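Reading through the structure tokens given below for one structure.
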Amino acid sequence: MVGPALTPEVMSVQIPYFPEASHEIVQQLAPLSDRDLVHHFKADPTAGRYFTTIFCRYSPIVYSLIRHSARSPVQADYLFALTWRHILNELGGLELPAEEPTPEHGAQPVTSLQSWLINLTALCINQAVLPEVEEIHYVLAEASPPLWCYTERALNQLEPIERLIIIMAQTFRWSDTRIAAYLQAEGEQITPVAVASRLRIACRHLAEALPEDIRQIYLPTAPTSPSEAVRVPELAAASPESLTSMV
């Protein structure tokens, strides 16, 4: 599959600013080649710095392609986050050549990280079924795709009840009393006071489940409240009925 052309119209899109690009951890990796970044990403899957550096290097191209194709900036940001999640999930299977020579005339083009990303972005654009703008709650400025991707992975590592409490508190903004009532209806013996305690513990576990370098890049300061240690970015509107799938 051949990705969309990087026309002047596509490349003229205004690119969002991502502060992580200036972080010391990312800057230290800037001299590495694409191949080295992919190699380190695969060799150390517990680290988030290599994916974040790739994101910072290629987010202008990916965002430009998506913004040129989306009907609105809100949908573009939503698809941008989903595309980088897909990239993260597929990156471990990418095999880049030891070198990147210029192919001879008529030969098959050599795979590069950039061409792979463009093709994968084109795939996401072509296959995406986007919600209406009013149903999208994701705010790019509040949660850069690497933070969102790794937070989602960390959330999936929690015990089901901790995951439920975080989602009910942060996504649905339910009170401790309402959360306790819901869990009691599901057979859990828990009080509103215990919910508040479990929420603090769950948020701490969520932060601990993040790669250490992701915490250093995106969460450099201590939170004022334990329940705000890590916010779970919300992509689109969800209903309480969807909670049963999280158990």
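In the structure tokens, the first chain shown is A, the next is B, and so on; residue numbers restart at 1 for each chain, and ligands run from 1 in the order shown.
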For this session: With a distance cut-off of 8 Å and only C-alpha atoms, select the neighbouring residues of segment 89-94 of chain A, excluding the residue or stretch itself and same-chain residues fewer than 2 positions from it, and output the selection as a PyMOL selection string.
Result: chain A and resi 38+41-42+85-87+96
Print the selection's residues with C-alpha atoms to a file, as a short mmCIF file (atom, residue, chain, number, x, y, z; two decimals), in the first residue's frame.
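In the end it all went to part_25.cif:
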data_model
loop_
_atom_site.label_atom_id
_atom_site.label_comp_id
_atom_site.auth_asym_id
_atom_site.auth_seq_id
_atom_site.Cartn_x
_atom_site.Cartn_y
_atom_site.Cartn_z
CA VAL A 38 12.97 0.86 16.93
CA PHE A 41 11.88 0.00 21.70
CA LYS A 42 11.75 -3.72 20.97
CA ARG A 85 -2.18 3.73 19.67
CA HIS A 86 -2.24 1.53 16.57
CA ILE A 87 1.36 2.50 15.81
CA LEU A 96 13.87 -2.30 9.41
#
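Proximity to Tyr50 of chain A was assessed for A:Ile214, A:Leu113, A:Leu219, A:Ala76 counting only C-alpha atoms; the smallest distance is recorded for A:Ile214.
Going from atom CA of Ile125 of chain A to atom CA of Thr52 of chain A covers 21.4 Å.
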What's the 12 Å shell around Asn156 of chain A, counting only C-alpha atoms, without same-chain residues fewer than 3 positions away, as a PDB file with N, CA and C atoms, in the first residue's frame?
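Once everything was written out, this is part_14.pdb:
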ATOM      1  N   CYS A 149      -1.694   6.540  25.529  1.00  0.00           N
ATOM      2  CA  CYS A 149      -1.463   5.125  25.204  1.00  0.00           C
ATOM      3  C   CYS A 149      -0.953   4.348  26.405  1.00  0.00           C
ATOM      4  N   TYR A 150       0.040   4.908  27.099  1.00  0.00           N
ATOM      5  CA  TYR A 150       0.626   4.188  28.225  1.00  0.00           C
ATOM      6  C   TYR A 150      -0.293   4.212  29.449  1.00  0.00           C
ATOM      7  N   THR A 151      -1.114   5.252  29.585  1.00  0.00           N
ATOM      8  CA  THR A 151      -2.095   5.264  30.669  1.00  0.00           C
ATOM      9  C   THR A 151      -3.135   4.181  30.440  1.00  0.00           C
ATOM     10  N   GLU A 152      -3.560   4.028  29.201  1.00  0.00           N
ATOM     11  CA  GLU A 152      -4.521   2.974  28.880  1.00  0.00           C
ATOM     12  C   GLU A 152      -3.943   1.592  29.191  1.00  0.00           C
ATOM     13  N   ARG A 153      -2.673   1.401  28.842  1.00  0.00           N
ATOM     14  CA  ARG A 153      -2.027   0.109  29.144  1.00  0.00           C
ATOM     15  C   ARG A 153      -1.906  -0.093  30.649  1.00  0.00           C
ATOM     16  N   GLU A 159      -6.349  -4.239  39.012  1.00  0.00           N
ATOM     17  CA  GLU A 159      -7.428  -5.148  39.364  1.00  0.00           C
ATOM     18  C   GLU A 159      -8.742  -4.572  38.842  1.00  0.00           C
ATOM     19  N   PRO A 160      -9.676  -5.433  38.448  1.00  0.00           N
ATOM     20  CA  PRO A 160     -10.936  -4.931  37.874  1.00  0.00           C
ATOM     21  C   PRO A 160     -11.645  -3.891  38.738  1.00  0.00           C
ATOM     22  N   ILE A 161     -11.700  -4.098  40.058  1.00  0.00           N
ATOM     23  CA  ILE A 161     -12.426  -3.157  40.906  1.00  0.00           C
ATOM     24  C   ILE A 161     -11.718  -1.801  40.948  1.00  0.00           C
ATOM     25  N   GLU A 162     -10.393  -1.805  40.924  1.00  0.00           N
ATOM     26  CA  GLU A 162      -9.666  -0.539  40.911  1.00  0.00           C
ATOM     27  C   GLU A 162      -9.887   0.184  39.584  1.00  0.00           C
ATOM     28  N   ARG A 163      -9.890  -0.577  38.506  1.00  0.00           N
ATOM     29  CA  ARG A 163     -10.140   0.022  37.194  1.00  0.00           C
ATOM     30  C   ARG A 163     -11.543   0.628  37.141  1.00  0.00           C
ATOM     31  N   LEU A 164     -12.522  -0.099  37.686  1.00  0.00           N
ATOM     32  CA  LEU A 164     -13.896   0.397  37.720  1.00  0.00           C
ATOM     33  C   LEU A 164     -14.016   1.691  38.518  1.00  0.00           C
ATOM     34  N   ILE A 166     -11.747   3.929  39.251  1.00  0.00           N
ATOM     35  CA  ILE A 166     -11.107   5.057  38.564  1.00  0.00           C
ATOM     36  C   ILE A 166     -11.985   5.574  37.430  1.00  0.00           C
ATOM     37  N   ILE A 167     -12.516   4.667  36.627  1.00  0.00           N
ATOM     38  CA  ILE A 167     -13.360   5.089  35.502  1.00  0.00           C
ATOM     39  C   ILE A 167     -14.619   5.785  36.002  1.00  0.00           C
ATOM     40  N   ALA A 202      -5.935   3.075  44.056  1.00  0.00           N
ATOM     41  CA  ALA A 202      -5.992   2.727  42.641  1.00  0.00           C
ATOM     42  C   ALA A 202      -5.206   3.724  41.796  1.00  0.00           C
ATOM     43  N   HIS A 205      -1.596   3.001  42.224  1.00  0.00           N
ATOM     44  CA  HIS A 205      -1.230   1.825  41.442  1.00  0.00           C
ATOM     45  C   HIS A 205      -1.164   2.146  39.950  1.00  0.00           C
ATOM     46  N   LEU A 206      -2.071   3.009  39.496  1.00  0.00           N
ATOM     47  CA  LEU A 206      -2.066   3.404  38.087  1.00  0.00           C
ATOM     48  C   LEU A 206      -0.780   4.143  37.751  1.00  0.00           C
ATOM     49  N   ALA A 209       2.076   1.783  37.579  1.00  0.00           N
ATOM     50  CA  ALA A 209       2.041   0.892  36.424  1.00  0.00           C
ATOM     51  C   ALA A 209       2.558   1.568  35.158  1.00  0.00           C
ATOM     52  N   LEU A 210       2.640   2.897  35.180  1.00  0.00           N
ATOM     53  CA  LEU A 210       3.212   3.609  34.038  1.00  0.00           C
ATOM     54  C   LEU A 210       4.718   3.360  33.975  1.00  0.00           C
ATOM     55  N   VAL A 232      -7.163   9.703  33.620  1.00  0.00           N
ATOM     56  CA  VAL A 232      -7.385   8.804  32.492  1.00  0.00           C
ATOM     57  C   VAL A 232      -8.022   9.618  31.375  1.00  0.00           C
ATOM     58  N   SER A 245     -18.116  -4.274  30.853  1.00  0.00           N
ATOM     59  CA  SER A 245     -17.053  -4.847  30.027  1.00  0.00           C
ATOM     60  C   SER A 245     -15.680  -4.650  30.637  1.00  0.00           C
ATOM     61  N   MET A 246     -15.586  -3.851  31.704  1.00  0.00           N
ATOM     62  CA  MET A 246     -14.310  -3.589  32.331  1.00  0.00           C
ATOM     63  C   MET A 246     -13.993  -4.564  33.459  1.00  0.00           C
ATOM     64  N   VAL A 247     -14.976  -5.351  33.834  1.00  0.00           N
ATOM     65  CA  VAL A 247     -14.775  -6.280  34.945  1.00  0.00           C
ATOM     66  C   VAL A 247     -13.922  -7.446  34.492  1.00  0.00           C
TER      67      VAL A 247
END
For this session: Determine, counting only C-alpha atoms, which protein, DNA and RNA residues have an atom within 9 Å of an atom of Leu140 of chain A; residues of the same chain fewer than 2 positions away are not included. Present the result as a list in words.
Result: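 Residues meeting the cut-off are Pro16, Val74, Asp77, Tyr78, Phe80, Ala81, Tyr138, Glu142, Ala143, Ser144 and Pro145 of chain A.
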For this session: Could you please write out, as an MDAnalysis selection string, every residue of segment 79-199 of chain A that DSSP assigns to alpha helix (DSSP H)?
Result: chainID A and resid 79:91 113:127 145:157 160:166 176:185 192:199
With C-alpha atoms retained, write the just-selected residues as an mmCIF file, in the first residue's frame.
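The resulting file, out21.cif, is reproduced below:
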data_model
loop_
_atom_site.group_PDB
_atom_site.id
_atom_site.type_symbol
_atom_site.label_atom_id
_atom_site.label_comp_id
_atom_site.auth_asym_id
_atom_site.auth_seq_id
_atom_site.Cartn_x
_atom_site.Cartn_y
_atom_site.Cartn_z
ATOM 1 C CA LEU A 79 -8.050 10.000 15.075
ATOM 2 C CA PHE A 80 -4.513 11.201 15.809
ATOM 3 C CA ALA A 81 -4.623 9.533 19.236
ATOM 4 C CA LEU A 82 -6.126 6.324 17.844
ATOM 5 C CA THR A 83 -3.512 6.198 15.090
ATOM 6 C CA TRP A 84 -0.630 6.468 17.540
ATOM 7 C CA ARG A 85 -2.180 3.727 19.670
ATOM 8 C CA HIS A 86 -2.242 1.534 16.565
ATOM 9 C CA ILE A 87 1.364 2.497 15.811
ATOM 10 C CA LEU A 88 2.407 1.540 19.354
ATOM 11 C CA ASN A 89 0.678 -1.828 19.050
ATOM 12 C CA GLU A 90 2.259 -2.600 15.670
ATOM 13 C CA LEU A 91 5.741 -1.162 16.188
ATOM 14 C CA LEU A 113 10.146 4.039 9.461
ATOM 15 C CA GLN A 114 8.705 7.118 7.777
ATOM 16 C CA SER A 115 7.155 5.175 4.900
ATOM 17 C CA TRP A 116 5.789 2.585 7.350
ATOM 18 C CA LEU A 117 4.218 5.317 9.478
ATOM 19 C CA ILE A 118 2.686 7.020 6.441
ATOM 20 C CA ASN A 119 1.182 3.744 5.241
ATOM 21 C CA LEU A 120 -0.143 2.872 8.697
ATOM 22 C CA THR A 121 -1.621 6.350 9.038
ATOM 23 C CA ALA A 122 -3.318 5.947 5.647
ATOM 24 C CA LEU A 123 -4.761 2.639 6.827
ATOM 25 C CA CYS A 124 -6.170 4.253 9.975
ATOM 26 C CA ILE A 125 -7.639 7.135 7.972
ATOM 27 C CA ASN A 126 -9.317 4.794 5.496
ATOM 28 C CA GLN A 127 -10.716 2.423 8.125
ATOM 29 C CA PRO A 145 -0.940 10.374 22.585
ATOM 30 C CA PRO A 146 2.069 8.678 24.276
ATOM 31 C CA LEU A 147 0.695 9.542 27.721
ATOM 32 C CA TRP A 148 -2.779 8.383 26.706
ATOM 33 C CA CYS A 149 -1.463 5.125 25.204
ATOM 34 C CA TYR A 150 0.626 4.188 28.225
ATOM 35 C CA THR A 151 -2.095 5.264 30.669
ATOM 36 C CA GLU A 152 -4.521 2.974 28.880
ATOM 37 C CA ARG A 153 -2.027 0.109 29.144
ATOM 38 C CA ALA A 154 -1.436 0.839 32.824
ATOM 39 C CA LEU A 155 -5.181 0.925 33.456
ATOM 40 C CA ASN A 156 -5.526 -2.544 31.965
ATOM 41 C CA GLN A 157 -2.966 -3.854 34.467
ATOM 42 C CA PRO A 160 -10.936 -4.931 37.874
ATOM 43 C CA ILE A 161 -12.426 -3.157 40.906
ATOM 44 C CA GLU A 162 -9.666 -0.539 40.911
ATOM 45 C CA ARG A 163 -10.140 0.022 37.194
ATOM 46 C CA LEU A 164 -13.896 0.397 37.720
ATOM 47 C CA ILE A 165 -13.510 2.886 40.556
ATOM 48 C CA ILE A 166 -11.107 5.057 38.564
ATOM 49 C CA ASP A 176 -18.153 8.090 46.326
ATOM 50 C CA THR A 177 -21.724 7.352 47.440
ATOM 51 C CA ARG A 178 -22.915 6.567 43.918
ATOM 52 C CA ILE A 179 -19.858 4.406 43.218
ATOM 53 C CA ALA A 180 -20.447 2.471 46.430
ATOM 54 C CA ALA A 181 -24.116 1.952 45.535
ATOM 55 C CA TYR A 182 -23.176 0.632 42.093
ATOM 56 C CA LEU A 183 -20.575 -1.754 43.482
ATOM 57 C CA GLN A 184 -22.929 -2.931 46.224
ATOM 58 C CA ALA A 185 -25.494 -3.769 43.537
ATOM 59 C CA PRO A 192 -18.418 5.411 50.394
ATOM 60 C CA VAL A 193 -15.523 5.948 52.793
ATOM 61 C CA ALA A 194 -13.888 2.762 51.528
ATOM 62 C CA VAL A 195 -14.436 3.913 47.936
ATOM 63 C CA ALA A 196 -12.475 7.103 48.603
ATOM 64 C CA SER A 197 -9.659 5.051 50.096
ATOM 65 C CA ARG A 198 -9.655 2.557 47.200
ATOM 66 C CA LEU A 199 -9.614 5.428 44.704
#
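Nearest to Gln27 of chain A of all the residues A:Ala98, A:His40, A:Ile15, A:Ile54 is A:Ile54, based on only C-alpha atoms.
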